[in-house]
>>> print(open('query.cif').read())   # mmCIF, C-alpha atoms and all ligand atoms
data_data
loop_
_atom_site.label_atom_id
_atom_site.label_comp_id
_atom_site.auth_asym_id
_atom_site.auth_seq_id
_atom_site.Cartn_x
_atom_site.Cartn_y
_atom_site.Cartn_z
CA MET A 1111 -8.68 13.45 -8.88
CA SER A 1112 -8.23 12.67 -5.20
CA SER A 1113 -11.04 10.72 -3.56
CA LEU A 1114 -10.58 13.08 -0.59
CA LYS A 1115 -11.55 16.23 -2.50
CA GLY A 1116 -14.53 17.88 -0.82
CA LYS A 1117 -14.60 15.35 2.04
CA ASN A 1118 -15.11 16.55 5.62
CA ILE A 1119 -12.40 14.97 7.68
CA LEU A 1120 -12.38 15.20 11.45
CA ILE A 1121 -9.10 14.43 13.20
CA GLY A 1122 -9.06 13.47 16.88
CA ILE A 1123 -5.64 13.83 18.50
CA SER A 1124 -4.89 12.07 21.76
CA ALA A 1125 -1.90 12.65 24.00
CA GLY A 1126 1.00 10.77 22.47
CA ILE A 1127 4.32 12.12 21.21
CA ALA A 1128 3.35 11.28 17.61
CA ALA A 1129 0.84 14.15 17.86
CA TYR A 1130 3.66 16.37 16.59
CA LYS A 1131 3.19 14.78 13.16
CA ILE A 1132 -0.50 15.64 12.86
CA PRO A 1133 0.03 19.14 11.41
CA LEU A 1134 1.57 17.38 8.40
CA VAL A 1135 -1.48 15.11 8.10
CA VAL A 1136 -3.67 18.25 8.10
CA ARG A 1137 -1.50 19.83 5.38
CA LEU A 1138 -1.60 16.73 3.19
CA LEU A 1139 -5.38 16.41 3.52
CA LYS A 1140 -5.92 20.10 2.72
CA LYS A 1141 -3.65 19.73 -0.31
CA ARG A 1142 -5.92 16.96 -1.58
CA GLY A 1143 -8.92 19.25 -1.29
CA ALA A 1144 -10.42 17.97 1.98
CA GLU A 1145 -12.08 20.17 4.60
CA VAL A 1146 -10.41 19.45 7.95
CA LYS A 1147 -11.51 20.02 11.55
CA VAL A 1148 -9.40 19.04 14.51
CA LEU A 1149 -10.35 18.07 18.02
CA MET A 1150 -7.90 17.07 20.68
CA THR A 1151 -7.82 15.79 24.24
CA PRO A 1152 -6.72 18.43 26.79
CA ASP A 1153 -3.41 16.58 27.37
CA ALA A 1154 -2.64 16.45 23.64
CA GLN A 1155 -2.02 20.22 23.80
CA GLN A 1156 1.28 19.41 25.49
CA PHE A 1157 2.51 17.77 22.28
CA VAL A 1158 1.16 20.06 19.56
CA THR A 1159 -0.40 23.50 19.79
CA PRO A 1160 -4.04 24.24 18.92
CA LEU A 1161 -2.79 27.41 17.19
CA THR A 1162 -0.74 25.38 14.68
CA LEU A 1163 -3.66 23.08 13.99
CA ALA A 1164 -6.20 25.91 13.70
CA THR A 1165 -3.92 27.77 11.28
CA LEU A 1166 -3.34 24.78 9.05
CA SER A 1167 -6.92 23.48 9.13
CA GLN A 1168 -8.38 26.99 8.81
CA ASN A 1169 -10.92 25.99 11.43
CA GLU A 1170 -11.25 26.37 15.17
CA VAL A 1171 -9.84 23.49 17.23
CA TYR A 1172 -12.15 21.75 19.69
CA ILE A 1173 -10.76 20.65 23.06
CA HIS A 1174 -13.31 20.91 25.85
CA PHE A 1175 -17.02 20.21 26.18
CA THR A 1176 -17.52 23.96 26.36
CA ALA A 1177 -15.74 26.95 24.83
CA ALA A 1178 -15.87 30.71 25.37
CA ALA A 1179 -18.90 32.21 23.62
CA PRO A 1180 -18.32 35.33 21.46
CA SER A 1181 -20.98 37.14 23.51
CA GLY A 1182 -19.20 36.25 26.78
CA GLY A 1183 -19.81 33.27 29.02
CA SER A 1184 -19.42 29.83 27.54
CA GLN A 1185 -21.07 27.72 24.90
CA TRP A 1186 -21.37 24.01 24.27
CA ASN A 1187 -19.04 22.37 21.75
CA ASP A 1188 -21.62 20.24 20.02
CA HIS A 1189 -20.05 16.80 19.71
CA VAL A 1190 -23.13 15.46 17.99
CA ALA A 1191 -22.93 18.09 15.24
CA LEU A 1192 -19.18 17.49 14.88
CA GLY A 1193 -19.72 13.75 14.54
CA LYS A 1194 -22.43 14.31 11.93
CA TRP A 1195 -20.27 16.82 10.04
CA ALA A 1196 -17.51 14.27 9.45
CA ASP A 1197 -17.36 12.04 6.37
CA TYR A 1198 -14.33 10.35 7.93
CA PHE A 1199 -13.13 10.45 11.53
CA LEU A 1200 -9.39 9.83 11.96
CA ILE A 1201 -8.12 9.23 15.49
CA ALA A 1202 -4.36 9.76 15.41
CA PRO A 1203 -2.34 9.18 17.40
CA ALA A 1204 -4.61 6.76 19.26
CA THR A 1205 -3.02 6.12 22.64
CA SER A 1206 -3.65 3.12 24.85
CA ASN A 1207 -5.92 5.28 27.03
CA THR A 1208 -7.98 6.48 24.07
CA LEU A 1209 -8.30 3.00 22.55
CA SER A 1210 -9.55 1.68 25.84
CA ALA A 1211 -12.02 4.57 26.25
CA MET A 1212 -13.32 3.93 22.70
CA VAL A 1213 -13.89 0.24 23.39
CA HIS A 1214 -15.60 0.86 26.74
CA ALA A 1215 -17.53 4.03 25.77
CA LYS A 1216 -15.76 5.85 28.62
CA CYS A 1217 -16.94 9.30 27.69
CA ASN A 1218 -14.64 11.54 29.71
CA ASN A 1219 -13.53 13.97 27.01
CA LEU A 1220 -14.84 15.64 23.87
CA LEU A 1221 -12.90 13.28 21.58
CA ILE A 1222 -14.63 10.19 22.96
CA ALA A 1223 -18.03 11.93 23.12
CA THR A 1224 -17.66 12.80 19.43
CA TYR A 1225 -16.44 9.31 18.56
CA LEU A 1226 -19.53 7.85 20.22
CA SER A 1227 -21.76 10.24 18.26
CA ALA A 1228 -20.11 9.78 14.84
CA THR A 1229 -21.70 7.42 12.35
CA CYS A 1230 -19.10 7.83 9.58
CA PRO A 1231 -16.14 5.49 8.83
CA VAL A 1232 -13.55 5.69 11.61
CA PHE A 1233 -9.81 5.29 11.12
CA VAL A 1234 -7.55 4.56 14.08
CA ALA A 1235 -3.78 5.10 13.96
CA PRO A 1236 -2.36 3.58 17.15
CA ALA A 1237 0.91 4.86 18.58
CA MET A 1238 2.62 3.33 21.56
CA ASP A 1239 5.84 2.03 22.94
CA LEU A 1240 6.62 -1.51 21.74
CA ASP A 1241 5.66 -3.43 24.89
CA MET A 1242 2.49 -1.41 25.34
CA TYR A 1243 1.52 -2.05 21.74
CA ALA A 1244 2.21 -5.78 22.06
CA HIS A 1245 0.30 -6.02 25.36
CA ALA A 1246 -2.62 -8.43 25.19
CA SER A 1247 -5.02 -5.77 26.51
CA ASN A 1248 -4.17 -3.33 23.74
CA GLN A 1249 -4.22 -6.04 21.08
CA ARG A 1250 -7.64 -7.14 22.33
CA ASN A 1251 -8.91 -3.55 22.15
CA LEU A 1252 -7.59 -3.13 18.61
CA GLU A 1253 -9.24 -6.38 17.55
CA GLN A 1254 -12.49 -5.21 19.05
CA LEU A 1255 -12.33 -1.88 17.23
CA GLN A 1256 -11.65 -3.74 14.00
CA ALA A 1257 -14.58 -6.02 14.69
CA SER A 1258 -16.74 -2.90 15.10
CA GLY A 1259 -15.94 -2.10 11.48
CA HIS A 1260 -13.29 0.54 12.10
CA GLN A 1261 -10.19 0.80 9.95
CA VAL A 1262 -7.32 0.03 12.31
CA LEU A 1263 -4.15 1.18 10.58
CA PRO A 1264 -0.94 -0.76 11.07
CA VAL A 1265 1.87 0.69 13.14
CA GLY A 1266 5.35 1.41 11.86
CA GLU A 1267 8.58 -0.09 13.13
CA GLY A 1268 11.71 1.78 14.18
CA PHE A 1269 12.98 4.20 16.81
CA LEU A 1270 10.51 5.03 19.56
CA ALA A 1271 10.50 8.09 21.81
CA SER A 1272 11.42 5.81 24.74
CA GLY A 1273 14.77 5.11 23.09
CA LEU A 1274 13.69 1.55 22.38
CA GLU A 1275 13.34 0.23 18.88
CA GLY A 1276 10.49 -1.87 17.54
CA LYS A 1277 6.84 -1.92 16.54
CA GLY A 1278 4.54 0.79 17.80
CA ARG A 1279 5.25 4.04 15.92
CA MET A 1280 2.31 5.83 14.44
CA LEU A 1281 2.10 5.23 10.70
CA GLU A 1282 3.83 8.07 8.82
CA PRO A 1283 1.54 10.98 7.78
CA GLU A 1284 1.85 10.21 4.05
CA LEU A 1285 0.70 6.63 4.61
CA ILE A 1286 -2.16 7.67 6.88
CA VAL A 1287 -3.38 9.90 4.08
CA GLU A 1288 -2.90 7.10 1.53
CA HIS A 1289 -5.12 4.87 3.70
CA LEU A 1290 -7.86 7.50 3.70
CA GLU A 1291 -7.38 8.06 -0.03
CA ALA A 1292 -7.63 4.34 -0.84
CA PHE A 1293 -10.67 3.76 1.34
CA ARG A 1294 -13.88 2.99 -0.53
CA PRO A 1295 -16.93 2.56 1.71
CA ASN A 1296 -18.32 -0.96 1.33
CA ALA A 1297 -15.39 -1.85 -0.92
CA ASN A 1298 -13.90 -5.30 -0.88
CA THR A 1299 -10.79 -5.59 1.17
CA LEU A 1300 -7.79 -7.88 1.33
CA ALA A 1301 -7.73 -8.07 5.13
CA GLY A 1302 -6.22 -11.37 6.20
CA LYS A 1303 -5.05 -12.20 2.66
CA LYS A 1304 -1.50 -12.96 1.57
CA VAL A 1305 -0.23 -11.49 -1.65
CA LEU A 1306 2.97 -12.09 -3.64
CA ILE A 1307 4.11 -9.60 -6.28
CA THR A 1308 7.15 -9.65 -8.53
CA ALA A 1309 8.41 -6.29 -9.78
CA GLY A 1310 11.20 -4.55 -11.64
CA PRO A 1311 13.78 -5.86 -14.08
CA THR A 1312 16.28 -8.63 -13.52
CA TYR A 1313 20.00 -8.21 -14.11
CA GLU A 1314 21.86 -11.13 -15.66
CA ALA A 1315 25.56 -10.79 -15.04
CA LEU A 1316 28.14 -11.08 -17.81
CA ASP A 1317 31.05 -10.48 -15.49
CA PRO A 1318 31.43 -8.77 -12.06
CA VAL A 1319 30.64 -5.33 -13.54
CA ARG A 1320 28.38 -5.85 -16.55
CA PHE A 1321 24.91 -7.22 -16.93
CA ILE A 1322 22.04 -7.66 -19.38
CA GLY A 1323 18.94 -5.85 -18.10
CA ASN A 1324 15.91 -3.92 -19.28
CA PHE A 1325 14.14 -0.60 -18.79
CA SER A 1326 11.52 -1.77 -16.28
CA SER A 1327 11.14 0.77 -13.44
CA GLY A 1328 9.22 -1.51 -11.07
CA LYS A 1329 6.58 1.21 -10.59
CA MET A 1330 3.56 -0.94 -11.53
CA GLY A 1331 4.57 -3.77 -9.18
CA PHE A 1332 5.31 -1.38 -6.30
CA ALA A 1333 1.96 0.38 -6.85
CA LEU A 1334 0.15 -2.98 -6.77
CA ALA A 1335 1.97 -3.91 -3.56
CA GLU A 1336 1.05 -0.64 -1.89
CA ALA A 1337 -2.58 -0.82 -3.00
CA ALA A 1338 -2.82 -4.37 -1.60
CA ALA A 1339 -1.19 -3.33 1.69
CA LEU A 1340 -3.60 -0.40 1.98
CA ARG A 1341 -6.44 -2.94 1.69
CA GLY A 1342 -5.04 -4.89 4.63
CA ALA A 1343 -3.08 -7.65 2.83
CA GLN A 1344 0.30 -8.96 3.95
CA VAL A 1345 2.49 -8.53 0.90
CA HIS A 1346 5.70 -10.20 -0.24
CA LEU A 1347 7.17 -7.89 -2.86
CA ILE A 1348 9.99 -9.61 -4.71
CA SER A 1349 11.79 -6.99 -6.71
CA GLY A 1350 14.70 -6.86 -9.10
CA PRO A 1351 17.05 -3.84 -8.97
CA THR A 1352 15.09 -0.57 -8.74
CA ALA A 1353 15.48 2.77 -7.01
CA LEU A 1354 12.01 2.43 -5.47
CA ASP A 1355 11.25 1.81 -1.83
CA ALA A 1356 8.15 0.39 -0.16
CA GLN A 1357 7.08 2.28 2.97
CA HIS A 1358 4.01 0.38 4.09
CA PRO A 1359 4.63 -1.85 7.12
CA ASN A 1360 2.54 -4.65 5.58
CA ILE A 1361 5.00 -4.92 2.69
CA ASN A 1362 7.86 -7.33 3.08
CA ILE A 1363 10.36 -6.41 0.41
CA HIS A 1364 12.81 -9.02 -0.91
CA ARG A 1365 15.43 -7.58 -3.22
CA VAL A 1366 16.96 -9.87 -5.83
CA GLN A 1367 19.10 -9.43 -8.94
CA SER A 1368 18.77 -12.28 -11.36
CA ALA A 1369 15.83 -14.32 -12.66
CA GLU A 1370 17.18 -17.37 -10.84
CA GLU A 1371 17.26 -15.51 -7.51
CA MET A 1372 13.74 -14.23 -8.14
CA TYR A 1373 12.59 -17.79 -8.89
CA THR A 1374 14.04 -19.08 -5.61
CA VAL A 1375 12.49 -16.35 -3.44
CA VAL A 1376 9.11 -16.58 -5.21
CA HIS A 1377 8.85 -20.27 -4.36
CA GLN A 1378 9.72 -19.63 -0.71
CA TYR A 1379 6.37 -17.84 -0.38
CA TYR A 1380 4.17 -18.77 -3.33
CA ALA A 1381 2.63 -21.97 -1.88
CA ASP A 1382 1.05 -20.00 0.95
CA VAL A 1383 -0.44 -16.94 -0.77
CA ASP A 1384 -3.96 -16.09 -1.91
CA TYR A 1385 -2.94 -13.86 -4.84
CA ALA A 1386 0.23 -13.77 -6.94
CA ILE A 1387 0.89 -11.08 -9.52
CA ALA A 1388 3.92 -11.28 -11.79
CA ALA A 1389 4.64 -7.69 -12.80
CA ALA A 1390 8.41 -8.16 -13.12
CA ALA A 1391 10.11 -7.82 -16.49
CA VAL A 1392 12.19 -10.95 -16.09
CA ALA A 1393 15.06 -11.40 -18.50
CA ASP A 1394 14.37 -14.34 -20.79
CA PHE A 1395 18.06 -15.15 -21.26
CA LYS A 1396 21.23 -14.95 -19.23
CA PRO A 1397 24.84 -15.15 -20.37
CA SER A 1398 25.76 -18.85 -20.55
CA ASP A 1399 29.14 -18.27 -19.04
CA LYS A 1400 29.47 -15.58 -16.37
CA LYS A 1401 33.12 -14.61 -16.12
CA ASP A 1402 34.69 -14.30 -12.67
CA GLN A 1403 36.97 -11.48 -13.81
CA LYS A 1404 36.08 -8.35 -15.77
CA ILE A 1405 36.18 -9.11 -19.51
CA LYS A 1406 38.90 -6.99 -21.15
CA LYS A 1407 37.83 -5.12 -24.25
CA ASN A 1408 41.06 -5.86 -26.11
CA GLN A 1409 40.68 -9.63 -25.50
CA GLY A 1410 37.69 -9.80 -27.87
CA GLY A 1411 35.48 -11.43 -25.21
CA LEU A 1412 32.48 -9.17 -25.83
CA ASP A 1413 32.00 -9.54 -29.58
CA GLN A 1414 29.78 -12.58 -29.11
CA ILE A 1415 27.68 -13.46 -26.11
CA SER A 1416 26.20 -16.88 -25.81
CA LEU A 1417 22.88 -16.97 -23.93
CA THR A 1418 20.90 -19.58 -21.99
CA PRO A 1419 17.16 -19.32 -21.14
CA THR A 1420 16.25 -18.29 -17.59
CA PRO A 1421 13.49 -20.10 -15.67
CA ASP A 1422 9.99 -18.89 -16.55
CA ILE A 1423 8.91 -17.97 -13.04
CA LEU A 1424 5.29 -17.29 -13.90
CA ALA A 1425 4.94 -20.57 -15.80
CA SER A 1426 6.35 -22.42 -12.79
CA MET A 1427 3.76 -20.70 -10.56
CA GLY A 1428 1.05 -21.78 -13.02
CA GLU A 1429 2.23 -25.40 -12.82
CA ARG A 1430 2.05 -25.39 -9.01
CA LYS A 1431 -1.17 -23.38 -8.73
CA LYS A 1432 -3.65 -24.48 -6.04
CA GLN A 1433 -5.68 -21.88 -4.10
CA GLN A 1434 -3.83 -18.89 -5.57
CA MET A 1435 -5.39 -16.46 -7.98
CA LEU A 1436 -2.52 -16.04 -10.44
CA ILE A 1437 -2.16 -12.95 -12.61
CA GLY A 1438 0.52 -12.23 -15.19
CA PHE A 1439 1.49 -9.20 -17.23
CA ALA A 1440 2.04 -9.12 -20.95
CA LEU A 1441 3.77 -6.31 -22.78
CA GLU A 1442 2.94 -6.77 -26.45
CA THR A 1443 3.58 -4.80 -29.61
CA ALA A 1444 1.47 -6.66 -32.20
CA ASP A 1445 -1.69 -8.83 -32.25
CA GLU A 1446 -1.86 -7.91 -28.57
CA ILE A 1447 -5.10 -9.49 -27.30
CA HIS A 1448 -4.40 -12.77 -29.04
CA GLN A 1449 -0.79 -12.95 -27.80
CA ALA A 1450 -1.77 -12.09 -24.22
CA SER A 1451 -4.57 -14.64 -24.21
CA LEU A 1452 -2.19 -17.33 -25.49
CA LYS A 1453 0.17 -16.55 -22.60
CA LEU A 1454 -2.73 -16.68 -20.15
CA HIS A 1455 -3.62 -20.21 -21.18
CA THR A 1456 -0.14 -21.67 -21.70
CA LYS A 1457 1.02 -20.40 -18.28
CA ASN A 1458 -2.20 -21.56 -16.53
CA LEU A 1459 -3.12 -18.06 -15.27
CA ASP A 1460 -6.45 -16.79 -13.98
CA ALA A 1461 -6.01 -13.41 -15.65
CA ILE A 1462 -3.45 -11.38 -17.55
CA VAL A 1463 -2.86 -7.63 -17.66
CA LEU A 1464 -2.06 -6.55 -21.20
CA ASN A 1465 -0.19 -3.37 -21.91
CA SER A 1466 0.51 -2.48 -25.46
CA LEU A 1467 3.47 -0.33 -26.36
CA ASN A 1468 1.27 0.96 -29.21
CA ASP A 1469 -0.85 2.86 -26.66
CA PRO A 1470 0.80 6.18 -25.82
CA GLY A 1471 1.32 6.40 -22.04
CA ALA A 1472 1.51 2.63 -21.53
CA GLY A 1473 4.66 0.82 -20.42
CA PHE A 1474 7.74 2.28 -18.80
CA GLY A 1475 6.70 5.69 -17.35
CA ASP A 1476 4.44 6.85 -14.50
CA THR A 1477 1.21 6.05 -16.33
CA ASN A 1478 -0.27 2.94 -17.85
CA GLN A 1479 -3.19 1.86 -19.99
CA VAL A 1480 -4.13 -1.80 -19.76
CA THR A 1481 -6.75 -4.40 -20.53
CA LEU A 1482 -7.39 -7.15 -18.00
CA ILE A 1483 -8.23 -10.46 -19.68
CA TYR A 1484 -9.73 -13.28 -17.63
CA LYS A 1485 -9.32 -16.95 -18.52
CA ASN A 1486 -12.96 -17.02 -19.72
CA GLU A 1487 -11.80 -14.38 -22.30
CA GLN A 1488 -13.75 -11.57 -20.61
CA GLN A 1489 -11.90 -8.30 -21.28
CA ILE A 1490 -11.93 -5.30 -18.92
CA PRO A 1491 -10.30 -2.17 -20.38
CA PHE A 1492 -8.89 0.47 -18.01
CA ALA A 1493 -8.37 4.13 -18.95
CA LEU A 1494 -4.93 5.71 -19.24
CA GLN A 1495 -4.03 6.85 -15.71
CA SER A 1496 -1.31 6.90 -13.09
CA LYS A 1497 0.08 3.50 -12.12
CA LYS A 1498 -0.95 4.18 -8.51
CA GLU A 1499 -4.60 4.76 -9.38
CA LEU A 1500 -4.60 1.88 -11.85
CA ALA A 1501 -3.26 -0.43 -9.12
CA HIS A 1502 -6.28 0.43 -6.95
CA GLN A 1503 -8.70 -0.18 -9.80
CA LEU A 1504 -7.08 -3.49 -10.71
CA TRP A 1505 -7.39 -4.72 -7.13
CA GLU A 1506 -11.03 -3.66 -6.93
CA GLU A 1507 -11.71 -5.62 -10.09
CA LEU A 1508 -9.71 -8.71 -9.07
CA ILE A 1509 -11.29 -8.89 -5.61
CA SER A 1510 -14.80 -8.46 -6.93
CA ASP A 1511 -14.24 -11.29 -9.41
CA VAL A 1512 -13.57 -13.74 -6.56
CA ASP A 1513 -16.65 -12.79 -4.50
O1 LIG B 1601 6.28 -14.72 -21.71
P1 LIG B 1601 6.48 -13.32 -21.28
O2 LIG B 1601 7.82 -13.02 -20.72
O3 LIG B 1601 6.05 -12.28 -22.26
O4 LIG B 1601 5.40 -13.19 -20.08
C1 LIG B 1601 5.34 -12.06 -19.29
C2 LIG B 1601 4.87 -12.47 -17.93
O5 LIG B 1601 5.63 -13.57 -17.45
C3 LIG B 1601 5.05 -11.39 -16.90
O6 LIG B 1601 4.01 -11.53 -15.95
C4 LIG B 1601 6.41 -11.72 -16.29
O7 LIG B 1601 6.51 -11.22 -14.97
C5 LIG B 1601 6.42 -13.23 -16.31
N1 LIG B 1601 7.73 -13.86 -16.50
C6 LIG B 1601 8.29 -14.59 -15.48
N2 LIG B 1601 9.50 -15.23 -15.67
C7 LIG B 1601 10.14 -15.15 -16.86
C8 LIG B 1601 9.59 -14.40 -17.90
C9 LIG B 1601 8.39 -13.77 -17.69
O8 LIG B 1601 7.71 -14.65 -14.39
N3 LIG B 1601 11.30 -15.77 -17.01
#
>>> encode(input="query.cif", output="structure tokens")
Amino acid sequence: MSSLKGKNILIGISAGIAAYKIPLVVRLLKKRGAEVKVLMTPDAQQFVTPLTLATLSQNEVYIHFTAAAPSGGSQWNDHVALGKWADYFLIAPATSNTLSAMVHAKCNNLLIATYLSATCPVFVAPAMDLDMYAHASNQRNLEQLQASGHQVLPVGEGFLASGLEGKGRMLEPELIVEHLEAFRPNANTLAGKKVLITAGPTYEALDPVRFIGNFSSGKMGFALAEAAALRGAQVHLISGPTALDAQHPNINIHRVQSAEEMYTVVHQYYADVDYAIAAAAVADFKPSDKKDQKIKKNQGGLDQISLTPTPDILASMGERKKQQMLIGFALETADEIHQASLKLHTKNLDAIVLNSLNDPGAGFGDTNQVTLIYKNEQQIPFALQSKKELAHQLWEELISDVD
């Protein structure tokens, strides 16, 4: 079930071009069962209409300090009541002007008045042109808002309305909603932490067209990367071939093919990270002799394949472990706890995530059922659930273990 179900979410829209994406945010929140109210600055109406927002949110849209009263005349739009109504207050897009007004309590519109009255968690999704976003004044304001305990969402990178290209786009609606979904008040975060995750299968080439691989989808590793990014970590996701894509701007994706390539990229980043999770299904063997030309079937070259072991990436991380919390995965089919615990100790890990192919729903699909085993043999079982939700629960557990 979505953590947003039944939540009152107030959205404050300021006057940036990204305001045109807010109707989608409203839709996505409503779909997850949230109650949504929208308020906007007067200038934001030039970018998105109150009618669209009222229709999608099924609530009136608040713009001015006063509104027409049903009995004639005007009535006060009670910013205090609005602020108290909200479980979460999302300010998106947050323009340079709005950020500055928030920092300085410059209460010249209903959005800021409500912000100053709200006591709930506040999420800020900045949106600006690249030089404005990079400007020291805006960066200072964002730091200050973060220091006040607000959730400052990262910005995306790409084409900007100015025609320039770079950092400053408002985070995409789906990711804004994921941030709200992942938020747990008073939860531990990974802000300022560096995380390395391996994911997916590896392909070990036999010739230019054939390889030895496995059925790993990469979904567990990608879910762990996204859940870490949503908690504020900078993530290096080192993935073998998969159809998946990582959208979050905090995720740096490095695509590799073979175990040897994965090994090389892992050690470019491993020394510097706080957490490393090896979720990749790395091939244990590669063909000893990769042919430069396609092997012909009538030449008998495929009736026997000689294999050589690949580097054990996780074991090499265990050998070089310093400050990192190192977590491995184990997919077992028999004597599972014992086998996983053996792996945990021989590879010098801090914890291992065991999934047993004997549990229906564990392994290659969209769901997983695992047991986390710490090096002190403590076992934490997790219920069968989606890999995305499991990734959040695993992080909550791993972070709380360190504190
Ligand atoms: O020893 P086994 O392959 O069962 O261990 C599984 C764990 O080791 C997984 O975390 C996997 O990502 C990692 N591994 C690795 N390099 C290998 C083989 C496995 O990092 N060559």
>>> closest_atom_pairs(input="query.cif", of="chain A", to="ligand LIG 1601 (chain B)", cutoff="9 Å", atoms="all atoms listed in the file", output="tab-separated table")
residue	atom	partner	partner_atom	distance
A:Thr1308	CA	B:LIG1601	O7	6.7
A:Ala1309	CA	B:LIG1601	O7	7.4
A:Gly1310	CA	B:LIG1601	O7	8.8
A:Ala1369	CA	B:LIG1601	N3	6.4
A:Glu1370	CA	B:LIG1601	N3	8.7
A:Met1372	CA	B:LIG1601	O8	8.7
A:Tyr1373	CA	B:LIG1601	N2	7.9
A:Ile1387	CA	B:LIG1601	O6	7.2
A:Ala1388	CA	B:LIG1601	O7	4.1
A:Ala1389	CA	B:LIG1601	O7	4.5
A:Ala1390	CA	B:LIG1601	O7	4.0
A:Ala1391	CA	B:LIG1601	O7	5.2
A:Val1392	CA	B:LIG1601	C8	4.7
A:Ala1393	CA	B:LIG1601	N3	6.0
A:Asp1394	CA	B:LIG1601	N3	5.1
A:Phe1395	CA	B:LIG1601	N3	8.0
A:Pro1419	CA	B:LIG1601	N3	8.0
A:Thr1420	CA	B:LIG1601	N3	5.6
A:Pro1421	CA	B:LIG1601	N3	5.0
A:Asp1422	CA	B:LIG1601	N3	3.4
A:Ile1423	CA	B:LIG1601	O8	3.8
A:Leu1424	CA	B:LIG1601	O8	3.6
A:Ala1425	CA	B:LIG1601	O8	6.7
A:Ser1426	CA	B:LIG1601	O8	8.0
A:Met1427	CA	B:LIG1601	O8	8.2
A:Ile1437	CA	B:LIG1601	O6	7.2
A:Gly1438	CA	B:LIG1601	O6	3.6
A:Phe1439	CA	B:LIG1601	O6	3.7
A:Ala1440	CA	B:LIG1601	C1	4.7
A:Leu1441	CA	B:LIG1601	O3	6.4
A:Glu1442	CA	B:LIG1601	O3	7.6
A:Gln1449	CA	B:LIG1601	O3	8.8
A:Ala1450	CA	B:LIG1601	O3	8.1
A:Lys1453	CA	B:LIG1601	O1	6.4
A:Leu1454	CA	B:LIG1601	O4	8.8
A:Lys1457	CA	B:LIG1601	O5	8.3
A:Ile1462	CA	B:LIG1601	O6	7.6
A:Val1463	CA	B:LIG1601	O6	8.1
>>> write_last_selection(input="query.cif", atoms="C-alpha atoms", output="PDB file, keeping the file's coordinate frame")
ATOM      1  CA  THR A1308       7.150  -9.650  -8.530  1.00  0.00           C
ATOM      2  CA  ALA A1309       8.410  -6.290  -9.780  1.00  0.00           C
ATOM      3  CA  GLY A1310      11.200  -4.550 -11.640  1.00  0.00           C
ATOM      4  CA  ALA A1369      15.830 -14.320 -12.660  1.00  0.00           C
ATOM      5  CA  GLU A1370      17.180 -17.370 -10.840  1.00  0.00           C
ATOM      6  CA  MET A1372      13.740 -14.230  -8.140  1.00  0.00           C
ATOM      7  CA  TYR A1373      12.590 -17.790  -8.890  1.00  0.00           C
ATOM      8  CA  ILE A1387       0.890 -11.080  -9.520  1.00  0.00           C
ATOM      9  CA  ALA A1388       3.920 -11.280 -11.790  1.00  0.00           C
ATOM     10  CA  ALA A1389       4.640  -7.690 -12.800  1.00  0.00           C
ATOM     11  CA  ALA A1390       8.410  -8.160 -13.120  1.00  0.00           C
ATOM     12  CA  ALA A1391      10.110  -7.820 -16.490  1.00  0.00           C
ATOM     13  CA  VAL A1392      12.190 -10.950 -16.090  1.00  0.00           C
ATOM     14  CA  ALA A1393      15.060 -11.400 -18.500  1.00  0.00           C
ATOM     15  CA  ASP A1394      14.370 -14.340 -20.790  1.00  0.00           C
ATOM     16  CA  PHE A1395      18.060 -15.150 -21.260  1.00  0.00           C
ATOM     17  CA  PRO A1419      17.160 -19.320 -21.140  1.00  0.00           C
ATOM     18  CA  THR A1420      16.250 -18.290 -17.590  1.00  0.00           C
ATOM     19  CA  PRO A1421      13.490 -20.100 -15.670  1.00  0.00           C
ATOM     20  CA  ASP A1422       9.990 -18.890 -16.550  1.00  0.00           C
ATOM     21  CA  ILE A1423       8.910 -17.970 -13.040  1.00  0.00           C
ATOM     22  CA  LEU A1424       5.290 -17.290 -13.900  1.00  0.00           C
ATOM     23  CA  ALA A1425       4.940 -20.570 -15.800  1.00  0.00           C
ATOM     24  CA  SER A1426       6.350 -22.420 -12.790  1.00  0.00           C
ATOM     25  CA  MET A1427       3.760 -20.700 -10.560  1.00  0.00           C
ATOM     26  CA  ILE A1437      -2.160 -12.950 -12.610  1.00  0.00           C
ATOM     27  CA  GLY A1438       0.520 -12.230 -15.190  1.00  0.00           C
ATOM     28  CA  PHE A1439       1.490  -9.200 -17.230  1.00  0.00           C
ATOM     29  CA  ALA A1440       2.040  -9.120 -20.950  1.00  0.00           C
ATOM     30  CA  LEU A1441       3.770  -6.310 -22.780  1.00  0.00           C
ATOM     31  CA  GLU A1442       2.940  -6.770 -26.450  1.00  0.00           C
ATOM     32  CA  GLN A1449      -0.790 -12.950 -27.800  1.00  0.00           C
ATOM     33  CA  ALA A1450      -1.770 -12.090 -24.220  1.00  0.00           C
ATOM     34  CA  LYS A1453       0.170 -16.550 -22.600  1.00  0.00           C
ATOM     35  CA  LEU A1454      -2.730 -16.680 -20.150  1.00  0.00           C
ATOM     36  CA  LYS A1457       1.020 -20.400 -18.280  1.00  0.00           C
ATOM     37  CA  ILE A1462      -3.450 -11.380 -17.550  1.00  0.00           C
ATOM     38  CA  VAL A1463      -2.860  -7.630 -17.660  1.00  0.00           C
TER      39      VAL A1463
END
>>> closest_residue(input="query.cif", among="A:Ala1337, A:Val1305, A:Leu1500, A:Ala1154", to="Asp1382 in chain A", atoms="only C-alpha atoms")
A:Val1305
>>> closest_residue(input="query.cif", among="A:Ser1113, A:Gln1503, A:Thr1481, A:Asn1118", to="Leu1334 in chain A", atoms="all atoms listed in the file")
A:Gln1503
